[in-house]
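So this block is final28.cif, mmCIF, C-alpha atoms:
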```
data_protein
#
loop_
_atom_site.group_PDB
_atom_site.id
_atom_site.type_symbol
_atom_site.label_atom_id
_atom_site.label_comp_id
_atom_site.auth_asym_id
_atom_site.auth_seq_id
_atom_site.Cartn_x
_atom_site.Cartn_y
_atom_site.Cartn_z
ATOM 1 C CA MET A 221 -2.379 7.580 30.084
ATOM 2 C CA ASP A 222 -1.631 7.494 26.357
ATOM 3 C CA THR A 223 -3.653 4.746 24.633
ATOM 4 C CA HIS A 224 -2.650 5.760 21.110
ATOM 5 C CA THR A 225 -1.340 2.805 19.129
ATOM 6 C CA PRO A 226 1.237 3.677 16.488
ATOM 7 C CA ASP A 227 0.355 2.797 12.909
ATOM 8 C CA ARG A 228 2.401 -0.283 11.939
ATOM 9 C CA ARG A 229 1.619 -0.017 8.255
ATOM 10 C CA GLN A 230 4.568 1.167 6.251
ATOM 11 C CA ASN A 231 3.162 1.689 2.765
ATOM 12 C CA HIS A 232 0.564 4.413 3.062
ATOM 13 C CA LYS A 233 0.379 4.762 -0.726
ATOM 14 C CA LEU A 234 -1.261 1.323 -0.930
ATOM 15 C CA ARG A 235 -3.558 2.119 1.954
ATOM 16 C CA ASP A 236 -4.728 5.253 0.153
ATOM 17 C CA ILE A 237 -5.712 3.376 -3.033
ATOM 18 C CA TYR A 238 -6.987 0.160 -1.403
ATOM 19 C CA GLY A 239 -10.666 1.076 -1.689
ATOM 20 C CA GLU A 240 -10.443 2.046 -5.335
ATOM 21 C CA ALA A 241 -8.433 -1.067 -6.172
ATOM 22 C CA THR A 242 -10.963 -3.253 -4.335
ATOM 23 C CA GLU A 243 -13.791 -1.842 -6.439
ATOM 24 C CA LEU A 244 -11.714 -2.429 -9.568
ATOM 25 C CA LEU A 245 -11.077 -6.088 -8.716
ATOM 26 C CA HIS A 246 -14.319 -7.097 -7.035
ATOM 27 C CA HIS A 247 -16.030 -8.247 -10.245
ATOM 28 C CA LEU A 248 -13.035 -10.422 -11.155
ATOM 29 C CA TYR A 249 -13.106 -12.328 -7.891
ATOM 30 C CA LYS A 250 -16.753 -12.570 -6.945
ATOM 31 C CA SER A 251 -17.478 -15.493 -9.262
ATOM 32 C CA HIS A 252 -14.280 -17.484 -8.594
ATOM 33 C CA ASP A 253 -13.799 -19.671 -5.525
ATOM 34 C CA ASP A 254 -10.254 -20.771 -6.330
ATOM 35 C CA TRP A 255 -8.532 -17.729 -7.806
ATOM 36 C CA VAL A 256 -4.931 -18.143 -6.698
ATOM 37 C CA GLY A 257 -2.734 -19.091 -9.616
ATOM 38 C CA SER A 258 -5.588 -18.862 -12.104
ATOM 39 C CA SER A 259 -6.008 -16.583 -15.079
ATOM 40 C CA THR A 260 -8.099 -14.414 -12.769
ATOM 41 C CA ASP A 261 -4.992 -13.791 -10.686
ATOM 42 C CA PHE A 262 -3.108 -12.634 -13.789
ATOM 43 C CA ALA A 263 -6.020 -10.439 -14.860
ATOM 44 C CA ALA A 264 -6.113 -8.830 -11.420
ATOM 45 C CA LEU A 265 -2.381 -8.078 -11.460
ATOM 46 C CA ARG A 266 -2.665 -6.569 -14.911
ATOM 47 C CA ALA A 267 -5.748 -4.481 -14.073
ATOM 48 C CA VAL A 268 -4.082 -2.986 -10.996
ATOM 49 C CA HIS A 269 -0.836 -2.362 -12.863
ATOM 50 C CA GLU A 270 -2.667 -0.590 -15.694
ATOM 51 C CA ARG A 271 -4.812 1.528 -13.364
ATOM 52 C CA PHE A 272 -2.022 2.488 -10.929
ATOM 53 C CA LYS A 273 0.990 2.880 -13.215
ATOM 54 C CA ASP A 274 3.207 4.382 -10.494
ATOM 55 C CA LEU A 275 3.168 1.174 -8.411
ATOM 56 C CA THR A 276 6.122 -1.185 -8.465
ATOM 57 C CA ALA A 277 5.580 -4.844 -9.360
ATOM 58 C CA GLN A 278 5.947 -5.750 -5.680
ATOM 59 C CA GLU A 279 3.355 -3.164 -4.626
ATOM 60 C CA VAL A 280 0.926 -4.513 -7.242
ATOM 61 C CA ARG A 281 1.389 -8.061 -5.897
ATOM 62 C CA VAL A 282 0.914 -6.929 -2.294
ATOM 63 C CA LEU A 283 -2.254 -5.008 -3.127
ATOM 64 C CA VAL A 284 -3.785 -7.765 -5.260
ATOM 65 C CA GLY A 285 -2.894 -10.384 -2.640
ATOM 66 C CA ALA A 286 -4.487 -8.404 0.169
ATOM 67 C CA ILE A 287 -7.649 -7.736 -1.805
ATOM 68 C CA GLY A 288 -7.877 -11.337 -3.031
ATOM 69 C CA ASP A 289 -7.431 -12.720 0.480
ATOM 70 C CA ARG A 290 -10.141 -10.455 1.815
ATOM 71 C CA ILE A 291 -12.593 -11.306 -0.962
ATOM 72 C CA GLN A 292 -11.822 -15.025 -0.664
ATOM 73 C CA HIS A 293 -12.327 -14.876 3.115
ATOM 74 C CA GLY A 294 -15.680 -13.201 2.549
ATOM 75 C CA ALA A 295 -16.722 -15.927 0.092
ATOM 76 C CA GLU A 296 -15.804 -18.647 2.603
ATOM 77 C CA HIS A 297 -17.792 -16.858 5.323
ATOM 78 C CA HIS A 298 -20.859 -16.734 3.063
ATOM 79 C CA LYS A 299 -20.520 -20.454 2.220
ATOM 80 C CA LEU A 300 -20.420 -21.363 5.913
ATOM 81 C CA THR A 301 -23.384 -19.110 6.654
ATOM 82 C CA ALA A 302 -25.359 -20.810 3.869
ATOM 83 C CA LEU A 303 -24.515 -24.262 5.297
ATOM 84 C CA TYR A 304 -25.891 -23.391 8.712
ATOM 85 C CA SER A 305 -28.928 -21.410 7.604
#
```
What is this structure when it is put down as structure tokens?
Amino acid sequence: MDTHTPDRRQNHKLRDIYGEATELLHHLYKSHDDWVGSSTDFAALRAVHERFKDLTAQEVRVLVGAIGDRIQHGAEHHKLTALYS
């Protein structure tokens, strides 16, 4: 029985640079609770664009959005943990 699940991701280029981009952006997001639409969001887009010049504008937005969502989710998890500790 084949239990292999096909990879649904279509942009492997972004997957390959995700870790490096996360490290690049982590310091921008770690001190901001509400980053969407803020100057931090613009700074993140610019930092990724400057570091990964071969990415399209859409790829930059996808990468920054994914990283921001993950960091924001982590911040919310830590807030809830602190409330119940």
> What separation in Å, quoted to one decimal, exists between CA of His247 (chain A) and CA of Thr260 (chain A)?
Replying inline: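 CA of Thr260 (chain A) lies 10.4 Å from CA of His247 (chain A).
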> What gap, in Å, lies between CA of His246 (chain A) and CA of Leu283 (chain A)?
Replying inline: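 The value is 12.9 Å.
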>> Env of Arg271 (chain A): 10 Å cut, atoms = only C-alpha atoms, seq-sep filter 3 positions within chain, self excluded. Answer as a list of chain:residue names.
In response: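 So the residues in contact are A:Glu240, A:Ala241, A:Leu244, A:Arg266, A:Ala267, A:Val268, A:Asp274, A:Leu275.
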>> I'd like the interatomic distance between CA of Ala264 (chain A) and CA of Lys233 (chain A), to a tenth of an Å.
In response: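 Interatomic distance, CA of Ala264 (chain A) to CA of Lys233 (chain A): 18.5 Å.
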> Looking at A:Leu245, A:Leu265, A:Ala277, A:Ile237, which one is nearest to Arg290 (chain A), with distances taken over all atoms listed in the file?
Replying inline: A:Leu245
>> Taking (-2.5, -11.0, -10.6) in the coordinates of the supplied file, I want to know which residues reach to within 12 Å of it, counting all atoms listed in the file; could you give the answer as a count of residues only?
In response: 31
Can you rebuild region 228-242 of chain A with N, CA and C atoms and give it as an mmCIF file, keeping the file's coordinate frame?
```cif
data_model
loop_
_atom_site.group_PDB
_atom_site.id
_atom_site.type_symbol
_atom_site.label_atom_id
_atom_site.label_comp_id
_atom_site.auth_asym_id
_atom_site.auth_seq_id
_atom_site.Cartn_x
_atom_site.Cartn_y
_atom_site.Cartn_z
ATOM 1 N N ARG A 228 1.323 0.626 12.322
ATOM 2 C CA ARG A 228 2.401 -0.283 11.939
ATOM 3 C C ARG A 228 2.540 -0.396 10.430
ATOM 4 N N ARG A 229 1.549 0.077 9.709
ATOM 5 C CA ARG A 229 1.619 -0.017 8.255
ATOM 6 C C ARG A 229 2.718 0.890 7.741
ATOM 7 N N GLN A 230 3.438 0.395 6.755
ATOM 8 C CA GLN A 230 4.568 1.167 6.251
ATOM 9 C C GLN A 230 4.324 1.741 4.866
ATOM 10 N N ASN A 231 3.388 1.200 4.120
ATOM 11 C CA ASN A 231 3.162 1.689 2.765
ATOM 12 C C ASN A 231 1.807 2.394 2.701
ATOM 13 N N HIS A 232 1.811 3.655 3.031
ATOM 14 C CA HIS A 232 0.564 4.413 3.062
ATOM 15 C C HIS A 232 0.006 4.661 1.662
ATOM 16 N N LYS A 233 0.848 4.595 0.657
ATOM 17 C CA LYS A 233 0.379 4.762 -0.726
ATOM 18 C C LYS A 233 -0.635 3.665 -1.059
ATOM 19 N N LEU A 234 -0.341 2.426 -0.664
ATOM 20 C CA LEU A 234 -1.261 1.323 -0.930
ATOM 21 C C LEU A 234 -2.534 1.462 -0.113
ATOM 22 N N ARG A 235 -2.389 1.908 1.097
ATOM 23 C CA ARG A 235 -3.558 2.119 1.954
ATOM 24 C C ARG A 235 -4.506 3.149 1.333
ATOM 25 N N ASP A 236 -3.922 4.193 0.745
ATOM 26 C CA ASP A 236 -4.728 5.253 0.153
ATOM 27 C C ASP A 236 -5.530 4.793 -1.063
ATOM 28 N N ILE A 237 -5.021 3.818 -1.817
ATOM 29 C CA ILE A 237 -5.712 3.376 -3.033
ATOM 30 C C ILE A 237 -6.438 2.038 -2.848
ATOM 31 N N TYR A 238 -6.398 1.481 -1.662
ATOM 32 C CA TYR A 238 -6.987 0.160 -1.403
ATOM 33 C C TYR A 238 -8.468 0.100 -1.799
ATOM 34 N N GLY A 239 -9.229 1.082 -1.394
ATOM 35 C CA GLY A 239 -10.666 1.076 -1.689
ATOM 36 C C GLY A 239 -10.957 1.099 -3.173
ATOM 37 N N GLU A 240 -10.253 1.956 -3.890
ATOM 38 C CA GLU A 240 -10.443 2.046 -5.335
ATOM 39 C C GLU A 240 -10.014 0.755 -6.031
ATOM 40 N N ALA A 241 -8.909 0.184 -5.589
ATOM 41 C CA ALA A 241 -8.433 -1.067 -6.172
ATOM 42 C C ALA A 241 -9.400 -2.222 -5.875
ATOM 43 N N THR A 242 -9.990 -2.215 -4.694
ATOM 44 C CA THR A 242 -10.963 -3.253 -4.335
ATOM 45 C C THR A 242 -12.171 -3.191 -5.265
#
```
